[in-house]
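One structure is given below, encoded as C-alpha cells.
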Amino acid sequence: MSPRRRLGVALVVDPPLALEIDGLRRALGDGPLDAVVPHITLVPPVNVRVDELDQALAVLRRAAQGQGRPLELVLGPVATFSPVTPVIYLAVRGAGDAGLDDLHRLHQGVMAGPLLRTERWPWAPHVTLADESPPERIDAALVALGSYRAEVAFDRVVILEEVGRRWSVLADACFGPPAVVGRGGLELEISEGRAWGPDGLALARAAGLGDAELDLLVAERSPPAVVLTGRRGGEVVGVATAWPGPLVGAPAHACVLVGPDCRGQGVGRILLSTLEARVRAAGWAEGGVVGHGPPEFYARASAWVRDFEPTAQGGD
C-alpha cells in the first residue's frame with residue numbers, strides 16, 4: 001500500500017493581520033499557536049496517497065486558475081458553533097458582491113480528486129479562534145468581540161501538510177490563469193506562487209542543489225518570495241524564484257533552475273524574463289539583483305542581473 005500524507009487546503013491569512021488574529025487566539029486560550037497559522041479551511045484534513053500527490057497539486061492549480069481575481073472578504077464578527085461544538089471563530093462574508101460566491105466556488109473546485117472527502121457538516125467558512133472553549137468564555141467572547149471586523153484579500157490557495165502535529169505550507173497557487181509562452185511550438189506554461197512545491201523541489205535536486213542551497217531558496221521571508229514554475233505537458237521543466245533583500249535598498253536575489261533534459265531550449269531565458277517583470281512590478285530591483293547560479297547564464301540571458309553568487313546549477 002502506498003504511504004499517505006496528511007493534507008488540507010486553505011486560504012492562509014498573511015501578516016500583519018495574522019498577528020492580530022493570533023492575539024485574539026492567545027487571549028481566548030487557543031492551543032499552541034505555532035501548530036497552524038490563521039486560515040479559512042477549504043478542505044479539512046485528508047490522507048492522500050503519495051502516488052496521488054501530483055494529482056492533488058493539479059487540482060489545486062486548476063481551482064486557482066478558475067479564480068481570476070483576489071478574494072475580497074470580511075472576517076468577523078466573533079461567533080460560535082456552540083452548542084454543537086464549543087468553537088469560537090471569526091465569521092466570513094464577502095467584501096463585495098461576488099466575494100462569497102467566489103469563495104464557495106473555490107471550495108467546490110479544490111474538493112476534488114485525491115482531495116475529495118465527505119464533510120460531516122455543511123461547509124461554513126470561518127477562521128477558528130479557539131477549540132474546546134468553556135461556555136462562560138464563549139459568552140464573554142461574543143460580547144467583548146462582537147464588533148470585530150477585518151477586511152482581507154487573498155491572492156492564492158494553499159495545500160498544508162501536517163508533520164509532527166504542525167501544519168506548514170506544502171504547495172500553493174496564485175489566482176488567475178497561467179502565462180503560456182511559445183504557443184504552437186515548445187509551449188511553456190508558467191504558474192506563480194510563493195512556495196516551492198514537491199515537484200519544484202524534485203527538479204532542484206535533479207539540477208544538483210544540496211541541502212544548504214535548498215535551505216536558502218525555500219526559506220520563509222517577509223515580503224515573501226516569488227516562485228515561478230514552468231511546465232510542459234504537466235511536467236515541471238524549470239523554476240525561477242526571487243526574494244527581496246533584508247533591508248530597504250538592498251539587492252534582490254534571483255535563481256533560475258532548468259531540468260537537465262530541457263537545457264538549451266530557452267526555458268531559463270523565458271523564466272528569467274518573466275521573473276524580472278514580476279520583481280520590477282513589486283519594486284524590489286532598485287538596489288540591483290544578485291543572481292544565484294552560473295554567471296555565464298545571467299550574462300547571456302539578461303542585463304538585469306549584474307552580481308552573482310555561483311552556488312547553484314541552473315539557467316539554460
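Every chain in the C-alpha cells takes a letter, A first, then B, and so on in the order presented; its residues are numbered from 1, and the ligands are numbered from 1 following the presented order.
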(request) Give me the residues within 8 Å of segment 170-182 of chain A as a PyMOL selection string, counting only C-alpha atoms and dropping any in the same chain fewer than 4 places off. (result) chain A and resi 57+60-61+64-70+155-161+186-198+270
(message) Need the shell around segment 244-252 of chain A: protein/DNA/RNA residues with any atom at most 9 Å away, counting only C-alpha atoms. Skip same-chain ones fewer than 3 positions apart. Format as a ChimeraX atom specification?
(response) /A:221-225,279,284-291
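The residues of segment 124-206 of chain A that DSSP assigns to alpha helix (DSSP H) on this backbone come out as Pro135, Glu136, Arg137, Ile138, Asp139, Ala140, Ala141, Leu142, Val143, Ala144, Pro198, Asp199, Gly200, Leu201, Ala202, Leu203, Ala204, Arg205 and Ala206 of chain A.
Considering the residues A:Ala207, A:Val78, A:Ala10, A:Val305 and counting only C-alpha atoms, Leu106 of chain A has its shortest atom-to-atom contact with A:Ala10.
Shortest atom-to-atom contact with Ile21 of chain A among A:Gly164, A:Gly96, A:Pro38, A:Gly8: A:Pro38, counting only C-alpha atoms.
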(message) Measuring between only C-alpha atoms, which one of A:Pro3, A:Arg62, A:Glu72, A:Val127 shows the shortest distance to Ala18 of chain A?
(response) A:Val127
(request) Find the spatial neighbours of segment 232-240 of chain A, counting only C-alpha atoms, within a cut-off of 8 Å - ignore same-chain residues fewer than 4 positions away - and output them as a PyMOL selection string. (result) chain A and resi 187-189+199-200+203+227-228+254-259+262+267-268+271-272+275
Store the residues picked out above in a file with C-alpha atoms, as an mmCIF file, in the first residue's frame.
```cif
data_model
loop_
_atom_site.group_PDB
_atom_site.id
_atom_site.type_symbol
_atom_site.label_atom_id
_atom_site.label_comp_id
_atom_site.auth_asym_id
_atom_site.auth_seq_id
_atom_site.Cartn_x
_atom_site.Cartn_y
_atom_site.Cartn_z
ATOM 1 C CA GLU A 187 4.950 25.793 -25.176
ATOM 2 C CA LEU A 188 5.872 26.741 -21.644
ATOM 3 C CA GLU A 189 3.125 27.206 -19.044
ATOM 4 C CA ASP A 199 7.644 18.872 -7.941
ATOM 5 C CA GLY A 200 9.768 22.042 -7.961
ATOM 6 C CA LEU A 203 13.679 19.453 -10.085
ATOM 7 C CA VAL A 227 8.222 31.358 -7.268
ATOM 8 C CA LEU A 228 7.530 30.778 -10.971
ATOM 9 C CA ALA A 254 17.160 35.587 -8.114
ATOM 10 C CA CYS A 255 17.743 31.971 -9.054
ATOM 11 C CA VAL A 256 16.726 30.103 -12.210
ATOM 12 C CA LEU A 257 16.814 26.300 -12.458
ATOM 13 C CA VAL A 258 16.136 24.206 -15.555
ATOM 14 C CA GLY A 259 15.813 20.430 -15.707
ATOM 15 C CA CYS A 262 15.400 20.758 -21.117
ATOM 16 C CA VAL A 267 13.375 27.758 -20.775
ATOM 17 C CA GLY A 268 15.710 29.626 -18.447
ATOM 18 C CA LEU A 271 11.578 32.245 -16.820
ATOM 19 C CA LEU A 272 14.170 34.926 -16.056
ATOM 20 C CA LEU A 275 10.694 36.890 -13.157
#
```
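Comparing A:Arg137, A:Arg5, A:Arg263, A:His104 by their smallest distance to Asp51 of chain A, the closest is A:Arg5 (using only C-alpha atoms).
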(message) Going by DSSP on the backbone, which residues of segment 68-299 of chain A come out as strand (DSSP E)? List them as an MDAnalysis selection string.
(response) chainID A and resid 71:80 88:94 126:130 150:154 156:163 166:174 179:181 188:193 226:232 235:243 252:258 289:292
Atoms kept (C-alpha atoms) for selection, written as a CSV table (one decimal), in the first residue's frame:
```csv
chain,number,residue,atom,x,y,z
A,71,LEU,CA,-10.9,37.1,-3.0
A,72,GLU,CA,-12.0,40.1,-1.0
A,73,LEU,CA,-13.6,39.0,2.3
A,74,VAL,CA,-14.5,40.4,5.7
A,75,LEU,CA,-13.6,38.5,8.8
A,76,GLY,CA,-15.9,39.0,11.8
A,77,PRO,CA,-17.8,39.3,14.0
A,78,VAL,CA,-16.8,36.6,16.5
A,79,ALA,CA,-19.3,33.8,16.6
A,80,THR,CA,-19.6,30.2,17.9
A,88,ILE,CA,-15.2,30.3,18.8
A,89,TYR,CA,-14.5,31.7,15.4
A,90,LEU,CA,-14.5,34.7,13.1
A,91,ALA,CA,-17.4,34.6,10.6
A,92,VAL,CA,-16.6,35.1,6.9
A,93,ARG,CA,-18.6,37.2,4.5
A,94,GLY,CA,-17.9,38.8,1.1
A,126,HIS,CA,-14.7,30.6,9.2
A,127,VAL,CA,-11.4,31.3,11.0
A,128,THR,CA,-11.1,29.3,14.2
A,129,LEU,CA,-10.0,31.3,17.2
A,130,ALA,CA,-10.4,28.6,19.9
A,150,ALA,CA,-11.2,43.0,9.4
A,151,GLU,CA,-11.1,43.2,5.6
A,152,VAL,CA,-8.7,40.8,3.8
A,153,ALA,CA,-7.8,40.0,0.2
A,154,PHE,CA,-6.5,36.5,-0.6
A,156,ARG,CA,-3.6,32.4,-3.5
A,157,VAL,CA,-4.8,29.0,-2.3
A,158,VAL,CA,-2.5,26.7,-0.2
A,159,ILE,CA,-2.0,23.0,0.5
A,160,LEU,CA,-0.9,22.5,4.1
A,161,GLU,CA,0.7,19.3,5.4
A,162,GLU,CA,0.7,18.1,9.0
A,163,VAL,CA,4.1,16.8,10.1
A,166,ARG,CA,2.4,21.1,13.0
A,167,TRP,CA,0.8,22.3,9.7
A,168,SER,CA,3.1,24.0,7.2
A,169,VAL,CA,2.8,25.1,3.5
A,170,LEU,CA,3.5,22.2,1.1
A,171,ALA,CA,2.5,24.0,-2.1
A,172,ASP,CA,0.4,27.0,-3.3
A,173,ALA,CA,-1.0,28.5,-6.4
A,174,CYS,CA,-1.8,32.2,-7.1
A,179,ALA,CA,1.1,32.6,-18.7
A,180,VAL,CA,1.7,30.5,-21.8
A,181,VAL,CA,4.8,31.3,-23.9
A,188,LEU,CA,5.9,26.7,-21.6
A,189,GLU,CA,3.1,27.2,-19.0
A,190,ILE,CA,4.2,29.5,-16.2
A,191,SER,CA,2.3,29.5,-12.9
A,192,GLU,CA,3.1,31.7,-9.9
A,193,GLY,CA,3.2,31.0,-6.2
A,226,VAL,CA,8.0,34.9,-5.9
A,227,VAL,CA,8.2,31.4,-7.3
A,228,LEU,CA,7.5,30.8,-11.0
A,229,THR,CA,7.1,27.2,-12.2
A,230,GLY,CA,7.4,26.3,-15.8
A,231,ARG,CA,5.6,23.2,-17.1
A,232,ARG,CA,5.3,21.3,-20.4
A,235,GLU,CA,5.7,18.2,-16.1
A,236,VAL,CA,8.0,20.7,-14.3
A,237,VAL,CA,10.9,21.8,-16.6
A,238,GLY,CA,12.1,24.9,-14.8
A,239,VAL,CA,11.7,27.0,-11.7
A,240,ALA,CA,12.6,30.7,-11.1
A,241,THR,CA,12.5,32.4,-7.8
A,242,ALA,CA,13.3,35.8,-6.4
A,243,TRP,CA,13.2,37.4,-3.0
A,252,ALA,CA,17.1,41.5,-4.6
A,253,HIS,CA,18.1,37.8,-5.2
A,254,ALA,CA,17.2,35.6,-8.1
A,255,CYS,CA,17.7,32.0,-9.1
A,256,VAL,CA,16.7,30.1,-12.2
A,257,LEU,CA,16.8,26.3,-12.5
A,258,VAL,CA,16.1,24.2,-15.6
A,289,VAL,CA,19.9,41.9,-8.3
A,290,VAL,CA,22.2,39.1,-7.3
A,291,GLY,CA,21.9,36.0,-9.4
A,292,HIS,CA,22.4,32.6,-7.8
```
